[in-house]
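Visitor: One file: target-v1.cif (mmCIF, C-alpha atoms).
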```cif
data_run
#
loop_
_atom_site.label_atom_id
_atom_site.label_comp_id
_atom_site.auth_asym_id
_atom_site.auth_seq_id
_atom_site.Cartn_x
_atom_site.Cartn_y
_atom_site.Cartn_z
CA MET A 29 0.45 21.83 23.18
CA ASN A 30 1.00 19.34 20.38
CA ASP A 31 -1.95 17.22 21.60
CA GLN A 32 -4.16 20.32 21.76
CA ALA A 33 -3.29 21.18 18.17
CA GLN A 34 -4.15 17.65 17.05
CA GLN A 35 -7.49 17.78 18.90
CA LEU A 36 -8.29 21.14 17.32
CA ARG A 37 -7.53 19.78 13.84
CA ARG A 38 -9.77 16.78 14.47
CA GLN A 39 -12.63 19.02 15.66
CA MET A 40 -12.29 21.22 12.58
CA ASN A 41 -12.30 18.12 10.37
CA LYS A 42 -15.26 16.56 12.15
CA GLY A 43 -17.57 15.20 9.49
CA ALA A 44 -14.69 14.97 7.02
CA HIS A 45 -13.41 11.53 6.15
CA GLU A 46 -10.03 10.04 6.89
CA ALA A 47 -8.05 8.22 4.23
CA LYS A 48 -8.38 4.47 4.01
CA THR A 49 -4.89 3.07 4.64
CA ILE A 50 -3.84 0.05 2.59
CA ALA A 51 -0.59 -1.90 3.06
CA VAL A 52 0.55 -3.67 -0.11
CA ILE A 53 2.64 -6.74 0.70
CA SER A 54 4.17 -9.82 -0.90
CA GLY A 55 5.90 -12.87 0.50
CA LYS A 56 8.86 -12.54 -1.88
CA GLY A 57 10.40 -9.96 -4.17
CA GLY A 58 9.93 -9.85 -7.92
CA VAL A 59 6.17 -10.45 -8.07
CA GLY A 60 5.35 -6.94 -9.33
CA LYS A 61 4.12 -5.42 -6.06
CA SER A 62 5.37 -1.85 -6.58
CA ASN A 63 4.21 -1.75 -10.20
CA ILE A 64 0.74 -2.93 -9.17
CA THR A 65 0.60 -0.44 -6.29
CA LEU A 66 1.43 2.39 -8.69
CA ASN A 67 -1.04 1.43 -11.42
CA VAL A 68 -3.84 0.66 -8.94
CA ALA A 69 -3.30 4.10 -7.39
CA ILE A 70 -3.43 5.81 -10.79
CA ASP A 71 -6.64 3.95 -11.65
CA LEU A 72 -8.21 5.39 -8.49
CA VAL A 73 -6.95 8.88 -9.40
CA ASN A 74 -8.57 8.44 -12.83
CA ARG A 75 -11.84 7.81 -10.97
CA GLY A 76 -11.55 11.14 -9.19
CA LYS A 77 -10.08 9.82 -5.93
CA LYS A 78 -7.33 11.57 -3.99
CA VAL A 79 -4.51 9.07 -3.55
CA MET A 80 -1.04 9.01 -2.02
CA ILE A 81 1.66 6.31 -2.03
CA PHE A 82 4.21 5.98 0.77
CA ASP A 83 7.17 4.05 -0.60
CA LEU A 84 8.35 1.98 2.39
CA ASP A 85 10.22 -0.69 0.43
CA ILE A 86 13.41 -0.85 2.49
CA GLY A 87 16.50 -0.35 0.34
CA MET A 88 14.51 -1.10 -2.83
CA GLY A 89 12.11 1.82 -3.08
CA ASN A 90 11.41 2.56 -6.75
CA ILE A 91 8.09 4.36 -7.13
CA ASP A 92 9.79 7.49 -8.49
CA ILE A 93 11.85 5.37 -10.91
CA LEU A 94 8.72 3.64 -12.23
CA LEU A 95 7.23 7.10 -12.74
CA GLY A 96 10.35 8.41 -14.48
CA LEU A 97 10.50 11.30 -12.02
CA GLN A 98 13.11 12.67 -9.66
CA SER A 99 12.10 13.62 -6.13
CA LYS A 100 13.61 16.56 -4.30
CA TYR A 101 13.07 15.05 -0.85
CA SER A 102 12.38 11.60 0.59
CA ILE A 103 10.83 10.32 3.80
CA VAL A 104 14.38 9.94 5.16
CA ASP A 105 14.96 13.66 4.52
CA MET A 106 11.74 14.39 6.41
CA PHE A 107 13.27 12.82 9.52
CA GLN A 108 16.85 13.97 9.09
CA GLN A 109 15.99 17.57 8.20
CA HIS A 110 12.79 17.75 10.27
CA LEU A 111 10.73 18.75 7.23
CA ASN A 112 6.97 19.09 7.14
CA ILE A 113 5.34 16.21 5.30
CA GLU A 114 3.86 18.63 2.75
CA THR A 115 7.42 19.48 1.70
CA VAL A 116 8.35 15.88 0.86
CA ILE A 117 5.11 14.97 -0.94
CA GLU A 118 5.51 15.00 -4.73
CA THR A 119 2.53 15.09 -7.10
CA THR A 120 2.41 13.81 -10.68
CA SER A 121 0.71 15.70 -13.49
CA GLN A 122 -2.19 13.23 -13.16
CA GLY A 123 -2.65 14.18 -9.49
CA LEU A 124 -1.10 11.15 -7.77
CA ALA A 125 0.77 12.12 -4.59
CA TYR A 126 3.73 10.07 -3.43
CA VAL A 127 6.56 10.07 -0.92
CA THR A 128 9.77 8.31 -1.94
CA ALA A 129 11.77 6.00 0.28
CA GLY A 130 15.21 7.49 -0.09
CA SER A 131 18.31 5.75 1.23
CA GLY A 132 18.82 4.72 4.84
CA LEU A 133 15.11 3.96 5.12
CA THR A 134 15.72 1.46 7.93
CA ASP A 135 16.03 4.50 10.22
CA ILE A 136 12.29 5.09 10.13
CA PHE A 137 11.62 1.55 11.33
CA GLN A 138 13.88 2.03 14.37
CA MET A 139 12.54 5.29 15.74
CA ASN A 140 13.07 6.78 19.16
CA GLU A 141 10.23 8.47 21.07
CA GLU A 142 10.89 11.88 19.51
CA LYS A 143 10.87 10.53 15.94
CA ILE A 144 7.72 8.50 16.61
CA HIS A 145 5.80 11.59 17.75
CA PHE A 146 7.16 13.58 14.80
CA PHE A 147 6.05 10.94 12.27
CA LEU A 148 2.59 10.53 13.83
CA ASP A 149 2.06 14.29 13.89
CA GLN A 150 3.14 14.65 10.25
CA PHE A 151 1.03 11.73 9.06
CA ASN A 152 -1.97 13.05 10.97
CA ARG A 153 -1.74 16.25 8.90
CA VAL A 154 -2.55 14.44 5.65
CA LEU A 155 -5.04 11.77 6.75
CA ALA A 156 -8.06 13.94 5.96
CA GLN A 157 -6.62 15.21 2.66
CA TYR A 158 -6.75 11.89 0.79
CA ASP A 159 -9.22 9.12 0.07
CA TYR A 160 -6.62 6.34 -0.07
CA ILE A 161 -3.07 6.07 1.25
CA PHE A 162 -1.04 3.08 0.06
CA PHE A 163 2.03 1.77 1.88
CA ASP A 164 4.26 -0.02 -0.62
CA MET A 165 6.01 -2.38 1.80
CA GLY A 166 9.15 -4.40 1.20
CA ALA A 167 8.89 -8.12 0.48
CA GLY A 168 8.57 -10.06 3.72
CA ALA A 169 8.43 -8.14 6.99
CA THR A 170 10.82 -7.02 9.69
CA ARG A 171 9.48 -6.59 13.22
CA GLU A 172 9.37 -2.81 12.88
CA SER A 173 7.95 -2.60 9.34
CA LEU A 174 5.24 -5.03 10.46
CA PHE A 175 3.84 -2.24 12.65
CA TYR A 176 2.79 -0.28 9.56
CA ILE A 177 1.09 -3.32 8.05
CA LEU A 178 -0.76 -4.17 11.26
CA SER A 179 -1.94 -0.56 11.66
CA ALA A 180 -3.44 -0.32 8.16
CA ASP A 181 -7.16 -0.66 7.49
CA GLU A 182 -6.60 -3.32 4.84
CA CYS A 183 -3.89 -5.40 3.25
CA PHE A 184 -3.43 -6.17 -0.47
CA VAL A 185 -1.40 -9.36 -0.98
CA VAL A 186 0.36 -9.63 -4.35
CA THR A 187 1.58 -13.00 -5.58
CA THR A 188 1.95 -15.08 -8.75
CA PRO A 189 0.82 -18.66 -9.53
CA GLU A 190 4.38 -19.97 -9.01
CA PRO A 191 4.44 -22.47 -6.11
CA THR A 192 7.28 -20.65 -4.30
CA ALA A 193 5.50 -17.29 -4.57
CA MET A 194 2.26 -18.86 -3.32
CA MET A 195 4.05 -20.47 -0.37
CA ASP A 196 5.72 -17.20 0.54
CA ALA A 197 2.41 -15.32 0.25
CA TYR A 198 0.77 -17.81 2.61
CA ALA A 199 3.66 -17.48 5.07
CA MET A 200 3.30 -13.68 4.99
CA ILE A 201 -0.47 -13.84 5.54
CA LYS A 202 0.07 -16.25 8.44
CA HIS A 203 2.73 -13.97 9.96
CA VAL A 204 0.48 -10.90 9.82
CA HIS A 205 -2.73 -12.73 10.80
CA ALA A 206 -1.08 -14.11 13.95
CA ARG A 207 -0.66 -10.52 15.15
CA ASN A 208 -3.92 -9.01 13.89
CA ASN A 209 -6.64 -11.52 13.06
CA ASP A 210 -9.12 -8.77 12.18
CA LEU A 211 -7.08 -7.30 9.33
CA PRO A 212 -8.85 -7.86 5.96
CA PHE A 213 -6.70 -9.41 3.21
CA TYR A 214 -7.33 -8.87 -0.51
CA LEU A 215 -5.54 -11.21 -2.90
CA ILE A 216 -4.12 -10.10 -6.27
CA MET A 217 -2.83 -12.87 -8.53
CA ASN A 218 -0.27 -11.37 -10.93
CA ARG A 219 1.35 -12.62 -14.18
CA VAL A 220 -1.35 -15.13 -15.01
CA GLN A 221 -0.80 -16.94 -18.32
CA ALA A 222 -4.33 -18.40 -18.54
CA LYS A 223 -7.53 -17.49 -16.68
CA LYS A 224 -8.11 -21.08 -15.55
CA GLU A 225 -4.59 -21.22 -14.09
CA GLY A 226 -5.23 -17.96 -12.24
CA MET A 227 -8.56 -19.09 -10.82
CA MET A 228 -7.09 -22.39 -9.64
CA ALA A 229 -4.18 -20.60 -7.94
CA ILE A 230 -6.53 -18.13 -6.24
CA GLU A 231 -8.86 -20.86 -4.97
CA ARG A 232 -5.91 -22.97 -3.78
CA LEU A 233 -4.45 -20.15 -1.70
CA LYS A 234 -7.84 -19.11 -0.32
CA ARG A 235 -8.56 -22.72 0.66
CA VAL A 236 -5.22 -23.17 2.43
CA VAL A 237 -5.62 -19.90 4.34
CA TYR A 238 -9.11 -20.88 5.48
CA GLN A 239 -8.10 -24.45 6.34
CA PHE A 240 -5.07 -23.57 8.47
CA LEU A 241 -5.84 -20.04 9.68
CA ASN A 242 -9.65 -20.14 9.69
CA LYS A 243 -9.51 -16.87 7.77
CA ASP A 244 -11.52 -15.85 4.71
CA ILE A 245 -9.55 -13.75 2.27
CA MET A 246 -11.13 -11.97 -0.66
CA SER A 247 -9.79 -12.22 -4.19
CA LEU A 248 -9.67 -8.95 -6.09
CA GLY A 249 -8.88 -10.85 -9.27
CA GLN A 250 -6.05 -11.78 -11.59
CA LEU A 251 -3.71 -9.75 -13.76
CA SER A 252 -2.67 -11.21 -17.10
CA TYR A 253 0.95 -11.71 -18.06
CA ASP A 254 1.54 -8.88 -20.54
CA LYS A 255 4.80 -7.85 -22.27
CA ILE A 256 3.52 -4.28 -22.08
CA VAL A 257 4.56 -4.24 -18.40
CA SER A 258 8.30 -4.65 -19.01
CA LYS A 259 8.13 -2.11 -21.85
CA ALA A 260 6.43 0.38 -19.52
CA VAL A 261 9.11 -0.18 -16.86
CA SER A 262 11.83 0.47 -19.46
CA LYS A 263 10.04 3.63 -20.58
CA GLN A 264 9.51 4.62 -16.92
CA THR A 265 5.85 5.26 -17.59
CA PRO A 266 3.03 3.39 -15.79
CA PHE A 267 1.35 1.05 -18.26
CA ILE A 268 -2.09 2.34 -17.33
CA LEU A 269 -0.96 5.66 -18.85
CA SER A 270 1.27 4.47 -21.71
CA ASP A 271 -1.07 1.68 -22.87
CA PRO A 272 -4.53 2.31 -21.37
CA LYS A 273 -6.18 -0.15 -23.80
CA SER A 274 -3.79 -3.02 -23.04
CA THR A 275 -4.99 -6.24 -21.41
CA ILE A 276 -3.12 -5.51 -18.18
CA ALA A 277 -4.53 -1.96 -17.93
CA LYS A 278 -8.05 -3.35 -18.37
CA ASP A 279 -7.32 -5.99 -15.73
CA ILE A 280 -6.23 -3.30 -13.26
CA HIS A 281 -9.42 -1.33 -13.92
CA ASP A 282 -11.60 -4.44 -13.48
CA LEU A 283 -9.71 -5.36 -10.31
CA MET A 284 -10.36 -1.96 -8.72
CA SER A 285 -13.98 -1.94 -9.88
CA HIS A 286 -14.33 -5.23 -8.01
CA TYR A 287 -12.70 -3.69 -4.95
CA LEU A 288 -14.86 -0.56 -4.96
CA ILE A 289 -18.17 -2.45 -4.94
CA ASN A 290 -17.35 -3.65 -1.42
CA PRO A 291 -19.27 -1.64 1.19
CA GLY A 292 -16.10 -1.02 3.21
CA ALA A 293 -13.96 0.18 0.29
CA GLU A 294 -14.93 3.84 0.41
CA PRO A 295 -13.41 6.17 3.02
CA THR A 296 -15.84 7.04 5.83
CA THR A 297 -16.22 9.81 8.40
CA GLN A 298 -15.13 7.33 11.06
CA THR A 299 -11.50 7.52 12.16
CA SER A 300 -9.39 4.82 10.52
CA GLY A 301 -7.48 4.20 13.73
CA PHE A 302 -4.13 4.02 11.91
CA ILE A 303 -2.47 6.55 14.22
CA SER A 304 -3.77 5.01 17.46
CA LYS A 305 -2.92 1.46 16.32
CA LEU A 306 0.61 2.39 15.28
CA LYS A 307 1.16 4.33 18.49
CA LYS A 308 0.01 1.34 20.55
CA LEU A 309 2.20 -1.15 18.66
CA ILE A 310 5.32 0.99 18.93
CA LYS A 311 4.69 1.59 22.64
CA GLU A 312 4.42 -2.17 23.26
CA ARG A 313 7.55 -3.12 21.29
#
```
What would you get if you wrote out this structure as structure tokens?
Guide:
Amino acid sequence: MNDQAQQLRRQMNKGAHEAKTIAVISGKGGVGKSNITLNVAIDLVNRGKKVMIFDLDIGMGNIDILLGLQSKYSIVDMFQQHLNIETVIETTSQGLAYVTAGSGLTDIFQMNEEKIHFFLDQFNRVLAQYDYIFFDMGAGATRESLFYILSADECFVVTTPEPTAMMDAYAMIKHVHARNNDLPFYLIMNRVQAKKEGMMAIERLKRVVYQFLNKDIMSLGQLSYDKIVSKAVSKQTPFILSDPKSTIAKDIHDLMSHYLINPGAEPTTQTSGFISKLKKLIKER
């Protein structure tokens, strides 16, 4: 009966697009991944796109904190209380939808058959309602959380020019690429002190990835080091809203303009395959 309902929904939505799913990853913590995810998402909302963030940062989820908002329910509550996904989705006054991580998030990465079907059914309900769905992943990757990354349409990799951050970013790309060599990677170089430094770091990482993995990764650009960011975090207001004319806000806008000129950036009427890919990966675990 459940499968029939899903088929009926798909037939009714035929011709409608499905959201493009984007996993945002980093090799190590502290590189600004969640902050970038949030501000990138708001930039897309400002362009008239329908966007949702799934906070899947295990034990460190902070999207609601960065927004200065309190969520009634989390994704953990969805599983524990068997809530519909629409109940746990929060929406900001700007129109950004998000689902918070909650505590005990590791439960959703160790699902039994019943929970898997429940999650897939709930997620399927919202795929056609948004243009972009971001998964804010934790730094690094566990075996189970990797499934969500591998099932996404694209992967944004956030790093900084620091050698350790660059090494960890490469290790993460290698780890993911070994399991899905078709997944497109988009590089975001954060906290850049000087444009030349940023360009050199980007080219270095791209060169290493191509040399050792035979994989081309695209650079979305660099984000300047800006004291506005820490002030925005303290104020619990995204900097793209609190300081829209700041250097970092302009960088975010330029970065997403660069992303959107790619032919594959816009959602299409073709199925994204997220559900089928995730189902297959979990079945094979």
Visitor: Each residue of segment 181-252 of chain A with at least one atom at most 8 Å from segment 276-300 of chain A should appear once, together with its nearest atom pair and the corresponding distance in Å (one decimal); atoms considered: all atoms listed in the file; ordering: chain, then increasing residue number; output as a tab-separated table.
Guide:
```
residue	atom	partner	partner_atom	distance
A:Asp181	CA	A:Ser300	CA	6.6
A:Leu248	CA	A:Leu283	CA	5.5
A:Gly249	CA	A:Leu283	CA	5.6
A:Gln250	CA	A:Asp279	CA	7.2
A:Leu251	CA	A:Asp279	CA	5.6
A:Ser252	CA	A:Ile276	CA	5.8
```
Visitor: How many Å lie between atom CA of Lys308 of chain A and atom CA of Asp159 of chain A, rounded to one decimal?
Guide: 23.8 Å
Visitor: From the options A:Leu306, A:Glu231, A:Asp92, A:Ser131, which residue's atoms come nearest to Ile117 of chain A, counting all atoms listed in the file?
Guide: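 Smallest distance to Ile117 of chain A is found for A:Asp92.
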Visitor: Between A:Thr265, A:Thr275, A:Ser54, A:Thr187, single out the one closest to Gly96 of chain A, counting only C-alpha atoms.
Guide: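 Checking each candidate against Gly96 of chain A, we get A:Thr265 as the closest.
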Visitor: Given the PyMOL selection byres ((chain A and resi 103) around 12) and the file above, list the residues it selects as a PyMOL selection string.
Guide: chain A and resi 81-86+89+99-102+104-118+126-137+147+150-151
Visitor: Calculate how many Å separate atom CA of Val261 of chain A from atom CA of Ser62 of chain A, rounding to one decimal.
Guide: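 These two atoms are separated by 11.1 Å.
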Visitor: For the structure shown, which residues end up in the PyMOL selection byres ((chain A and resi 199) around 12)? Put them as an mmCIF file with C-alpha atoms, in the frame of the given file, please?
Guide:
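What follows is the written file result.cif:
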```cif
data_model
loop_
_atom_site.group_PDB
_atom_site.id
_atom_site.type_symbol
_atom_site.label_atom_id
_atom_site.label_comp_id
_atom_site.auth_asym_id
_atom_site.auth_seq_id
_atom_site.Cartn_x
_atom_site.Cartn_y
_atom_site.Cartn_z
ATOM 1 C CA ILE A 53 2.640 -6.740 0.700
ATOM 2 C CA SER A 54 4.170 -9.820 -0.900
ATOM 3 C CA GLY A 55 5.900 -12.870 0.500
ATOM 4 C CA LYS A 56 8.860 -12.540 -1.880
ATOM 5 C CA ALA A 167 8.890 -8.120 0.480
ATOM 6 C CA GLY A 168 8.570 -10.060 3.720
ATOM 7 C CA ALA A 169 8.430 -8.140 6.990
ATOM 8 C CA VAL A 185 -1.400 -9.360 -0.980
ATOM 9 C CA THR A 187 1.580 -13.000 -5.580
ATOM 10 C CA THR A 192 7.280 -20.650 -4.300
ATOM 11 C CA ALA A 193 5.500 -17.290 -4.570
ATOM 12 C CA MET A 194 2.260 -18.860 -3.320
ATOM 13 C CA MET A 195 4.050 -20.470 -0.370
ATOM 14 C CA ASP A 196 5.720 -17.200 0.540
ATOM 15 C CA ALA A 197 2.410 -15.320 0.250
ATOM 16 C CA TYR A 198 0.770 -17.810 2.610
ATOM 17 C CA MET A 200 3.300 -13.680 4.990
ATOM 18 C CA ILE A 201 -0.470 -13.840 5.540
ATOM 19 C CA LYS A 202 0.070 -16.250 8.440
ATOM 20 C CA HIS A 203 2.730 -13.970 9.960
ATOM 21 C CA VAL A 204 0.480 -10.900 9.820
ATOM 22 C CA HIS A 205 -2.730 -12.730 10.800
ATOM 23 C CA ALA A 206 -1.080 -14.110 13.950
ATOM 24 C CA LEU A 233 -4.450 -20.150 -1.700
ATOM 25 C CA VAL A 236 -5.220 -23.170 2.430
ATOM 26 C CA VAL A 237 -5.620 -19.900 4.340
ATOM 27 C CA PHE A 240 -5.070 -23.570 8.470
ATOM 28 C CA LEU A 241 -5.840 -20.040 9.680
#
```
Visitor: Using only the atoms of segment 100-116 of chain A listed in the file, plus 3 Å on each side, state the axis-aligned box centre and edge lengths in Å rounded to one decimal, as lines of an AutoDock Vina configuration file.
Guide:
```
center_x = 10.4
center_y = 14.7
center_z = 3.0
size_x = 19.0
size_y = 15.5
size_z = 20.6
```
